[in-house]
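Dropping final-v9.txt in here (compact mmCIF, C-alpha atoms):
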# COMPACT_ATOMS: atom_id res chain seq x y z
CA MET U 153 18.74 3.31 -18.32
CA SER U 154 22.42 3.13 -17.44
CA SER U 155 23.73 -0.17 -16.18
CA GLU U 156 26.39 1.39 -14.00
CA GLY U 157 26.27 0.11 -10.45
CA ILE U 158 24.29 -2.99 -11.36
CA TYR U 159 25.65 -6.18 -9.87
CA PRO U 160 25.05 -9.86 -10.51
CA ALA U 161 22.51 -11.74 -8.43
CA PRO U 162 23.77 -13.27 -5.16
CA TYR U 163 24.38 -16.95 -4.54
CA ALA U 164 26.62 -17.18 -7.65
CA PRO U 165 27.21 -20.74 -8.84
CA PRO U 166 30.45 -22.42 -7.84
CA VAL U 167 33.43 -21.40 -9.89
CA ASN U 168 34.70 -24.96 -10.28
CA GLY U 169 31.69 -26.62 -11.90
CA GLY U 170 28.32 -27.43 -10.38
CA ALA U 171 26.52 -24.52 -12.07
CA ARG U 172 23.76 -26.75 -13.43
CA LYS U 173 23.13 -28.35 -10.03
CA TRP U 174 23.12 -24.91 -8.41
CA ARG U 175 20.49 -23.58 -10.82
CA ALA U 176 18.33 -26.66 -10.31
CA LEU U 177 18.58 -26.29 -6.53
CA ARG U 178 17.63 -22.60 -6.64
CA ALA U 179 14.65 -23.35 -8.91
CA LEU U 180 13.49 -26.12 -6.55
CA GLN U 181 13.76 -23.86 -3.50
CA ARG U 182 11.64 -21.20 -5.17
CA ARG U 183 8.98 -23.67 -6.35
CA ARG U 184 8.60 -24.93 -2.79
CA HIS U 185 7.49 -21.47 -1.70
CA TYR U 186 5.07 -20.74 -4.53
CA TRP U 187 2.19 -22.39 -2.68
CA VAL U 188 2.71 -20.02 0.28
CA HIS U 189 2.35 -16.96 -1.95
CA GLY U 190 -0.68 -18.45 -3.68
CA LEU U 191 -2.39 -19.44 -0.43
CA LEU U 192 -1.86 -16.02 1.16
CA PHE U 193 -3.17 -14.35 -1.99
CA LEU U 194 -6.36 -16.47 -1.96
CA LEU U 195 -6.92 -15.96 1.77
CA THR U 196 -6.47 -12.20 1.40
CA PHE U 197 -8.82 -12.19 -1.57
CA LEU U 198 -11.40 -13.99 0.59
CA THR U 199 -11.08 -11.67 3.59
CA THR U 200 -11.25 -8.54 1.45
CA THR U 201 -14.23 -9.96 -0.45
CA VAL U 202 -16.12 -10.54 2.82
CA VAL U 203 -15.40 -6.96 3.89
CA GLY U 204 -16.39 -5.75 0.43
CA ALA U 205 -19.68 -7.65 0.57
CA ARG U 206 -20.51 -5.94 3.85
CA MET U 207 -19.64 -2.56 2.30
CA ALA U 208 -21.84 -3.35 -0.72
CA GLN U 209 -24.82 -4.25 1.47
CA ASP U 210 -24.53 -1.01 3.43
CA PHE U 211 -24.07 0.98 0.21
CA ALA U 212 -27.15 -0.59 -1.41
CA ALA U 213 -29.26 0.07 1.72
CA ASP U 214 -27.98 3.67 2.09
CA ARG U 215 -26.65 2.78 5.54
CA PRO U 216 -23.44 4.27 6.92
CA LEU U 217 -20.41 2.08 6.30
CA PHE U 218 -20.22 -0.93 8.66
CA ALA U 219 -23.61 -0.13 10.22
CA GLY U 220 -25.12 -3.41 9.07
CA ALA U 221 -24.39 -7.02 10.06
CA GLY U 222 -20.77 -7.92 10.76
CA GLU U 223 -18.46 -10.13 8.75
CA LEU U 224 -19.16 -13.25 10.85
CA ALA U 225 -22.90 -12.96 10.30
CA LEU U 226 -22.29 -12.41 6.60
CA LEU U 227 -20.07 -15.50 6.41
CA GLN U 228 -22.73 -17.60 8.13
CA ARG U 229 -25.28 -16.49 5.56
CA ALA U 230 -22.82 -17.00 2.73
CA VAL U 231 -22.48 -20.69 3.66
CA GLN U 232 -26.10 -21.12 2.61
CA GLU U 233 -26.02 -18.47 -0.12
CA PRO U 234 -22.48 -18.09 -1.54
CA SER U 235 -23.70 -15.56 -4.11
CA LEU U 236 -23.80 -12.98 -1.30
CA LEU U 237 -20.03 -12.70 -1.57
CA LEU U 238 -20.18 -11.71 -5.24
CA ALA U 239 -21.18 -8.20 -4.17
CA GLY U 240 -17.79 -7.87 -2.48
CA LEU U 241 -15.79 -8.34 -5.67
CA PRO U 242 -15.74 -4.66 -6.76
CA PHE U 243 -13.94 -3.81 -3.52
CA SER U 244 -11.70 -6.86 -3.22
CA ALA U 245 -10.69 -7.09 -6.89
CA THR U 246 -9.90 -3.37 -6.99
CA LEU U 247 -7.90 -3.43 -3.77
CA MET U 248 -5.97 -6.57 -4.69
CA MET U 249 -5.15 -5.08 -8.09
CA ILE U 250 -3.77 -1.91 -6.47
CA LEU U 251 -1.71 -3.83 -3.91
CA LEU U 252 -0.43 -6.22 -6.57
CA ALA U 253 0.55 -3.35 -8.87
CA HIS U 254 2.52 -1.75 -6.03
CA GLU U 255 4.44 -4.94 -5.26
CA LEU U 256 4.98 -5.79 -8.92
CA GLY U 257 6.47 -2.33 -9.38
CA HIS U 258 9.15 -3.29 -6.84
CA LEU U 259 9.51 -6.86 -8.09
CA LEU U 260 9.85 -6.09 -11.79
CA THR U 261 12.43 -3.43 -11.03
CA CYS U 262 14.35 -6.03 -9.02
CA VAL U 263 14.11 -8.43 -11.96
CA HIS U 264 15.40 -5.70 -14.27
CA TYR U 265 18.47 -5.20 -12.10
CA ARG U 266 18.91 -8.93 -11.37
CA ILE U 267 18.20 -8.47 -7.67
CA ASP U 268 17.06 -11.58 -5.83
CA ALA U 269 13.54 -10.88 -4.54
CA THR U 270 10.52 -12.97 -3.60
CA LEU U 271 7.04 -12.94 -5.02
CA PRO U 272 4.58 -10.76 -3.06
CA TYR U 273 3.36 -11.96 0.33
CA PHE U 274 -0.25 -10.85 0.95
CA LEU U 275 -1.45 -10.52 4.53
CA PRO U 276 -5.07 -11.48 5.30
CA ALA U 277 -6.36 -9.93 8.52
CA PRO U 278 -9.66 -9.18 10.33
CA THR U 279 -9.35 -5.42 9.80
CA LEU U 280 -11.69 -2.78 8.34
CA ILE U 281 -10.24 -3.52 4.91
CA GLY U 282 -9.62 -7.26 5.29
CA THR U 283 -5.84 -7.12 4.97
CA LEU U 284 -2.63 -5.68 6.34
CA GLY U 285 -1.29 -5.13 2.84
CA ALA U 286 1.48 -6.97 1.01
CA PHE U 287 5.26 -6.98 0.75
CA ILE U 288 8.17 -8.59 -1.04
CA ARG U 289 11.48 -9.65 0.47
CA ILE U 290 14.68 -8.48 -1.18
CA ARG U 291 17.21 -11.16 -0.40
CA SER U 292 20.33 -9.60 -1.85
CA PRO U 293 22.23 -6.39 -1.10
CA ILE U 294 21.88 -3.31 -3.26
CA TYR U 295 25.12 -1.50 -4.05
CA SER U 296 23.94 1.44 -6.12
CA ARG U 297 21.97 4.51 -5.04
CA ARG U 298 20.29 4.68 -8.40
CA VAL U 299 19.15 1.07 -8.19
CA LEU U 300 17.88 1.63 -4.64
CA PHE U 301 15.98 4.71 -5.78
CA ASP U 302 14.40 2.89 -8.73
CA VAL U 303 13.31 -0.04 -6.57
CA GLY U 304 11.93 2.24 -3.86
CA ILE U 305 9.95 4.60 -6.09
CA ALA U 306 8.62 1.96 -8.51
CA GLY U 307 6.08 0.50 -6.08
CA PRO U 308 4.28 3.73 -5.09
CA LEU U 309 4.28 4.93 -8.71
CA ALA U 310 2.79 1.69 -10.03
CA GLY U 311 0.17 1.57 -7.28
CA PHE U 312 -0.80 5.20 -7.75
CA LEU U 313 -1.11 4.91 -11.53
CA THR U 314 -3.32 1.85 -11.02
CA LEU U 315 -5.65 3.45 -8.48
CA LEU U 316 -6.24 6.66 -10.44
CA PRO U 317 -8.60 5.23 -13.09
CA VAL U 318 -10.47 2.98 -10.66
CA LEU U 319 -10.93 5.93 -8.31
CA GLY U 320 -12.57 7.84 -11.14
CA ILE U 321 -14.81 4.87 -11.99
CA GLY U 322 -15.69 4.37 -8.34
CA LEU U 323 -16.64 8.03 -7.95
CA ALA U 324 -18.92 7.72 -10.99
CA PHE U 325 -20.80 4.96 -9.14
CA SER U 326 -20.84 6.87 -5.83
CA LYS U 327 -23.90 8.79 -4.70
CA VAL U 328 -25.02 11.79 -2.70
CA ILE U 329 -26.78 11.18 0.63
CA PRO U 330 -27.06 14.32 2.77
CA GLY U 331 -25.36 13.90 6.12
CA ILE U 332 -24.21 10.32 5.50
CA ALA U 333 -20.82 10.92 7.11
CA ALA U 334 -22.43 12.21 10.31
CA ARG U 335 -24.50 9.06 10.69
CA GLY U 336 -21.67 6.54 10.82
CA ASP U 337 -19.56 5.29 13.72
CA ILE U 338 -16.35 5.65 11.72
CA ILE U 339 -15.07 8.80 10.02
CA PHE U 340 -12.92 8.32 6.92
CA SER U 341 -10.69 11.15 5.81
CA THR U 342 -10.76 12.80 2.41
CA PRO U 343 -7.17 13.11 1.14
CA PRO U 344 -6.42 16.03 -1.20
CA LEU U 345 -6.61 14.00 -4.43
CA LEU U 346 -9.98 12.52 -3.49
CA MET U 347 -11.26 15.97 -2.50
CA LEU U 348 -10.18 17.35 -5.88
CA LEU U 349 -11.85 14.56 -7.86
CA GLU U 350 -15.02 14.70 -5.76
CA GLY U 351 -15.25 18.39 -6.61
CA LEU U 352 -15.11 17.51 -10.30
CA VAL U 353 -17.65 14.67 -10.16
CA PHE U 354 -19.98 16.26 -7.59
CA PRO U 355 -19.51 20.04 -7.96
CA GLY U 356 -20.83 22.00 -5.03
CA VAL U 357 -21.61 18.90 -2.93
CA PRO U 358 -20.00 18.79 0.55
CA THR U 359 -17.60 15.90 1.11
CA SER U 360 -19.70 14.76 4.07
CA ASP U 361 -22.64 14.12 1.72
CA ILE U 362 -20.78 11.85 -0.71
CA TYR U 363 -21.13 8.11 -0.14
CA LEU U 364 -18.21 6.35 -1.83
CA HIS U 365 -18.88 3.21 -3.82
CA PRO U 366 -16.84 0.18 -2.58
CA MET U 367 -14.60 0.48 -5.65
CA ALA U 368 -13.80 4.09 -4.72
CA ARG U 369 -13.26 2.99 -1.12
CA ALA U 370 -10.68 0.46 -2.32
CA ALA U 371 -8.90 3.27 -4.17
CA TRP U 372 -9.06 5.27 -0.92
CA VAL U 373 -7.20 2.40 0.77
CA GLY U 374 -4.66 2.59 -2.05
CA LEU U 375 -4.14 6.28 -1.33
CA LEU U 376 -3.59 5.51 2.35
CA ALA U 377 -1.07 2.79 1.46
CA THR U 378 0.73 5.21 -0.87
CA ALA U 379 1.00 7.84 1.85
CA LEU U 380 2.22 5.37 4.47
CA ASN U 381 4.84 3.85 2.18
CA LEU U 382 6.20 7.22 1.06
CA ILE U 383 6.90 8.48 4.58
CA PRO U 384 10.67 9.19 4.47
CA ILE U 385 11.66 6.98 7.37
CA GLY U 386 13.98 3.99 7.65
CA GLN U 387 13.19 1.12 5.31
CA LEU U 388 9.89 2.40 3.99
CA ASP U 389 9.77 3.19 0.27
CA GLY U 390 10.11 6.86 1.13
CA GLY U 391 13.08 5.96 3.32
CA HIS U 392 14.78 4.25 0.39
CA VAL U 393 14.21 7.33 -1.75
CA LEU U 394 15.59 9.55 1.03
CA TYR U 395 18.67 7.35 1.39
CA ALA U 396 19.31 7.45 -2.35
CA LEU U 397 19.06 11.24 -2.28
CA ALA U 398 20.97 11.95 0.93
CA ALA U 399 22.57 8.88 2.50
CA ASP U 400 24.63 10.92 4.97
CA GLN U 401 21.54 12.67 6.33
CA HIS U 402 19.22 9.64 6.21
CA LYS U 403 19.70 8.57 9.83
CA TRP U 404 18.93 11.88 11.53
CA LEU U 405 16.21 12.80 9.05
CA SER U 406 14.48 9.47 9.69
CA ARG U 407 14.58 10.17 13.42
CA LEU U 408 13.23 13.67 12.85
CA PHE U 409 10.29 12.43 10.78
CA LEU U 410 9.67 9.70 13.35
CA LEU U 411 9.44 12.36 16.06
CA VAL U 412 6.95 14.28 13.90
CA LEU U 413 4.65 11.25 13.99
CA VAL U 414 4.35 11.52 17.78
CA PRO U 415 2.46 14.87 17.93
CA LEU U 416 0.45 13.77 14.89
CA GLY U 417 -0.57 10.72 16.89
CA ILE U 418 -1.41 12.71 20.01
CA PHE U 419 -3.44 15.44 18.33
CA PHE U 420 -4.87 13.85 15.17
CA TRP U 421 -4.79 10.05 14.91
CA TYR U 422 -3.58 7.49 17.44
CA GLY U 423 -2.58 5.22 14.58
CA TRP U 424 0.48 7.40 14.01
CA LEU U 425 1.75 6.40 17.46
CA LEU U 426 1.45 2.72 16.56
CA TRP U 427 3.13 3.36 13.20
CA ALA U 428 5.94 5.27 14.94
CA ALA U 429 6.46 2.42 17.43
CA LEU U 430 6.61 -0.22 14.71
CA LEU U 431 9.10 1.82 12.71
CA PHE U 432 11.22 2.57 15.78
CA PHE U 433 11.61 -1.10 16.71
CA PHE U 434 11.63 -2.76 13.30
CA GLY U 435 12.19 -0.30 10.45
CA MET U 436 14.76 2.36 11.31
CA LYS U 437 18.03 0.66 10.37
CA HIS U 438 18.81 1.02 6.68
CA PRO U 439 21.49 -1.13 5.00
CA SER U 440 24.54 0.91 4.06
CA ILE U 441 25.44 1.57 0.45
CA VAL U 442 29.00 2.58 -0.40
CA ASP U 443 28.21 4.71 -3.43
CA THR U 444 28.99 8.42 -3.69
CA THR U 445 27.30 8.86 -7.09
CA ARG U 446 24.65 11.58 -7.04
CA LEU U 447 21.27 10.89 -8.57
CA ASP U 448 20.81 12.28 -12.05
CA PRO U 449 18.36 15.17 -12.67
CA GLU U 450 15.72 12.81 -14.08
CA ARG U 451 15.60 10.80 -10.87
CA ARG U 452 15.58 13.96 -8.77
CA ARG U 453 12.52 15.15 -10.67
CA LEU U 454 10.98 11.75 -10.09
CA ALA U 455 11.67 12.19 -6.37
CA LEU U 456 9.70 15.46 -6.49
CA ALA U 457 6.89 13.56 -8.19
CA GLY U 458 7.00 11.07 -5.31
CA LEU U 459 6.70 13.96 -2.86
CA ALA U 460 3.67 15.23 -4.79
CA LEU U 461 2.07 11.76 -4.58
CA PHE U 462 2.67 11.72 -0.84
CA LEU U 463 1.04 15.13 -0.34
CA LEU U 464 -1.94 14.20 -2.55
CA SER U 465 -2.48 10.97 -0.61
CA PHE U 466 -1.74 12.06 2.96
CA SER U 467 -4.36 12.65 5.65
CA LEU U 468 -3.74 13.84 9.20
CA ALA U 469 -6.41 11.46 10.54
CA PRO U 470 -7.19 8.70 8.01
CA ILE U 471 -9.69 6.82 10.20
CA GLU U 472 -11.41 8.03 13.36
CA PRO U 473 -14.12 6.45 15.53
CA ARG U 474 -17.09 8.67 16.21
CA PHE U 475 -17.86 8.72 19.91
CA SER U 476 -21.42 9.23 21.04
CA LEU U 477 -22.72 10.16 24.47
CA GLN U 478 -26.09 8.54 23.82
Output the file's structure in the form of structure tokens.
Amino acid sequence: MSSEGIYPAPYAPPVNGGARKWRALRALQRRRHYWVHGLLFLLTFLTTTVVGARMAQDFAADRPLFAGAGELALLQRAVQEPSLLLAGLPFSATLMMILLAHELGHLLTCVHYRIDATLPYFLPAPTLIGTLGAFIRIRSPIYSRRVLFDVGIAGPLAGFLTLLPVLGIGLAFSKVIPGIAARGDIIFSTPPLLMLLEGLVFPGVPTSDIYLHPMARAAWVGLLATALNLIPIGQLDGGHVLYALAADQHKWLSRLFLLVLVPLGIFFWYGWLLWAALLFFFGMKHPSIVDTTRLDPERRRLALAGLALFLLSFSLAPIEPRFSLQ
């Protein structure tokens, strides 16, 4: 890979001596934050394991997902019988591996280009999947379109390549229960890639009759994360790719795609409205890069591959509650 456009890391040591003290100070500052990354990782592993244990209980009992006891009841039982949480490991370990691969894709690319970036921050949360995902902070400017493109595309590619094999394994452990999707209170979408693989593993079986194993459900979450990150808006991974491809058009294209989320939210999934609001207030402004170099053909083909990943992972309504009049 060409080194053109690569720049030294920020916070360069003083010109007139003090380099050794500067390096020691930077190392100390980073060590002070390691415990934060580790604690957030462990907490997220715990919350996703609790959710996974609930999924595993419902799967073993042939109940619709989240039809059994809630997470609080499960935690109360786990105090007396910690082994109950072991059943949640297929979900939590798979999901954490996918999220970690995504963030390491960004981080290792930053390391390659000597960009100052943090370790991943994982976000534990009382959600249907036990987390709000993970992120890294890039603390230095990026001056090259090619570097920006590589950093932006590396995360989704690494996450997608990681989820593919575990999705196949999870589908092998999944089972057919006629009408299982119609019995639950929550409807989960079937993105195109999952639909394709389900057709190979369960030929002729309707999607609504396939009960995904928790490992496959974790891969489903990975597909959702891939789709969300590759939306070409603002500072999302897809926004970075868009900026690297067409910096001059990035601003109005981001606004256009943001507007597209509004009718999607009205007619298909209200979550798109929340996503649009968050992006509008916090994620639209992209740092400027003064670089007129066009991306090479190899990276342009990689951008098309990113578009293919987005289309394979995208669902109009990822999660929907099922309303009942009874």
Residues proximal to (9.1, 8.7, 8.3) were defined as those with any atom within 6 Å of that point in the file's coordinates, counting all atoms listed in the file. Which are they, as JSON, numbers by chain? {"U": [383, 384, 385, 406, 409, 410]}
Writing out the chosen residues with C-alpha atoms as a PDB file, keeping the file's coordinate frame:
ATOM      1  CA  ILE U 383       6.900   8.480   4.580  1.00  0.00           C
ATOM      2  CA  PRO U 384      10.670   9.190   4.470  1.00  0.00           C
ATOM      3  CA  ILE U 385      11.660   6.980   7.370  1.00  0.00           C
ATOM      4  CA  SER U 406      14.480   9.470   9.690  1.00  0.00           C
ATOM      5  CA  PHE U 409      10.290  12.430  10.780  1.00  0.00           C
ATOM      6  CA  LEU U 410       9.670   9.700  13.350  1.00  0.00           C
TER       7      LEU U 410
END
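CA of Thr342 (chain U) lies 14.5 Å from CA of Gly320 (chain U).
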Go through region 254-311 of chain U residue by residue and, counting all atoms listed in the file, keep those with an atom at most 10 Å from region 449-465 of chain U; for each kept residue give the shortest atom pair and its distance in Å to one decimal, ordered by chain and increasing number, as a tab-separated table.
residue	atom	partner	partner_atom	distance
U:Arg298	CA	U:Arg451	CA	8.1
U:Phe301	CA	U:Arg451	CA	7.9
U:Asp302	CA	U:Arg451	CA	8.3
U:Ile305	CA	U:Gly458	CA	7.2
U:Ala306	CA	U:Gly458	CA	9.8
U:Pro308	CA	U:Gly458	CA	7.8
U:Leu309	CA	U:Gly458	CA	7.5
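Using only C-alpha atoms, the nearest neighbour of Ala469 (chain U) within the list U:Ile338, U:Gly351, U:Ser440, U:Lys403 is U:Ile338.
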Might you pull out every residue within 8 Å of region 363-373 of chain U, with all atoms listed in the file counted and same-chain residues fewer than 4 positions away left off, and present them as a PDB file with C-alpha atoms, in the coordinates of the input?
ATOM      1  CA  GLY U 204     -16.390  -5.750   0.430  1.00  0.00           C
ATOM      2  CA  MET U 207     -19.640  -2.560   2.300  1.00  0.00           C
ATOM      3  CA  ALA U 208     -21.840  -3.350  -0.720  1.00  0.00           C
ATOM      4  CA  PHE U 211     -24.070   0.980   0.210  1.00  0.00           C
ATOM      5  CA  PRO U 242     -15.740  -4.660  -6.760  1.00  0.00           C
ATOM      6  CA  PHE U 243     -13.940  -3.810  -3.520  1.00  0.00           C
ATOM      7  CA  SER U 244     -11.700  -6.860  -3.220  1.00  0.00           C
ATOM      8  CA  THR U 246      -9.900  -3.370  -6.990  1.00  0.00           C
ATOM      9  CA  LEU U 247      -7.900  -3.430  -3.770  1.00  0.00           C
ATOM     10  CA  ILE U 250      -3.770  -1.910  -6.470  1.00  0.00           C
ATOM     11  CA  ILE U 281     -10.240  -3.520   4.910  1.00  0.00           C
ATOM     12  CA  LEU U 315      -5.650   3.450  -8.480  1.00  0.00           C
ATOM     13  CA  LEU U 316      -6.240   6.660 -10.440  1.00  0.00           C
ATOM     14  CA  VAL U 318     -10.470   2.980 -10.660  1.00  0.00           C
ATOM     15  CA  LEU U 319     -10.930   5.930  -8.310  1.00  0.00           C
ATOM     16  CA  GLY U 320     -12.570   7.840 -11.140  1.00  0.00           C
ATOM     17  CA  ILE U 321     -14.810   4.870 -11.990  1.00  0.00           C
ATOM     18  CA  GLY U 322     -15.690   4.370  -8.340  1.00  0.00           C
ATOM     19  CA  LEU U 323     -16.640   8.030  -7.950  1.00  0.00           C
ATOM     20  CA  PHE U 325     -20.800   4.960  -9.140  1.00  0.00           C
ATOM     21  CA  SER U 326     -20.840   6.870  -5.830  1.00  0.00           C
ATOM     22  CA  LYS U 327     -23.900   8.790  -4.700  1.00  0.00           C
ATOM     23  CA  VAL U 328     -25.020  11.790  -2.700  1.00  0.00           C
ATOM     24  CA  ILE U 329     -26.780  11.180   0.630  1.00  0.00           C
ATOM     25  CA  ILE U 332     -24.210  10.320   5.500  1.00  0.00           C
ATOM     26  CA  ALA U 333     -20.820  10.920   7.110  1.00  0.00           C
ATOM     27  CA  LEU U 346      -9.980  12.520  -3.490  1.00  0.00           C
ATOM     28  CA  ALA U 377      -1.070   2.790   1.460  1.00  0.00           C
TER      29      ALA U 377
END
Who sits within 9 Å of Ala399 (chain U), only C-alpha atoms, same chain under 3 positions skipped, as a PyMOL selection string: chain U and resi 297+394-396+402-403+440-441+444
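Taking CA of Ile290 (chain U) and CA of Thr196 (chain U) as endpoints, the distance between them is 21.6 Å.
Across the structure, CA of Asp337 (chain U) and CA of Ile471 (chain U) are spaced 10.6 Å apart.
Closest approach to Cys262 (chain U) among U:Ala205, U:Leu192, U:Val303, U:Val357: U:Val303, based on all atoms listed in the file.
For the set U:Ile362, U:Leu259, U:Val442, U:Ala239, the residue with the smallest atom-to-atom gap to Arg291 (chain U) is U:Leu259, counting all atoms listed in the file.
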Please produce, as a tab-separated table, a per-residue contact table for region 242-358 of chain U versus region 419-428 of chain U (criterion: any atom at most 12 Å away, all atoms listed in the file considered), showing the nearest atom pair and its distance in Å to one decimal, sorted by chain then residue number.
residue	atom	partner	partner_atom	distance
U:Ile339	CA	U:Trp421	CA	11.5
U:Phe340	CA	U:Trp421	CA	11.5
U:Ser341	CA	U:Trp421	CA	10.9
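Comparing the minimum interatomic distances between Leu375 (chain U) and each of U:Ser360, U:Thr314, U:Thr261, U:Ser235, counting only C-alpha atoms, we find that U:Thr314 sits nearest.
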Test item: residues at most 12 Å from Leu224 (chain U), only C-alpha atoms, excluding those fewer than 6 positions along its chain, as a PyMOL selection string: chain U and resi 199+202-203+205-206+230-231+278
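Shortest separation to Ser467 (chain U) among U:Leu380, U:Val299, U:Met436, U:Ala219 occurs at residue U:Leu380, atoms counted being all atoms listed in the file.
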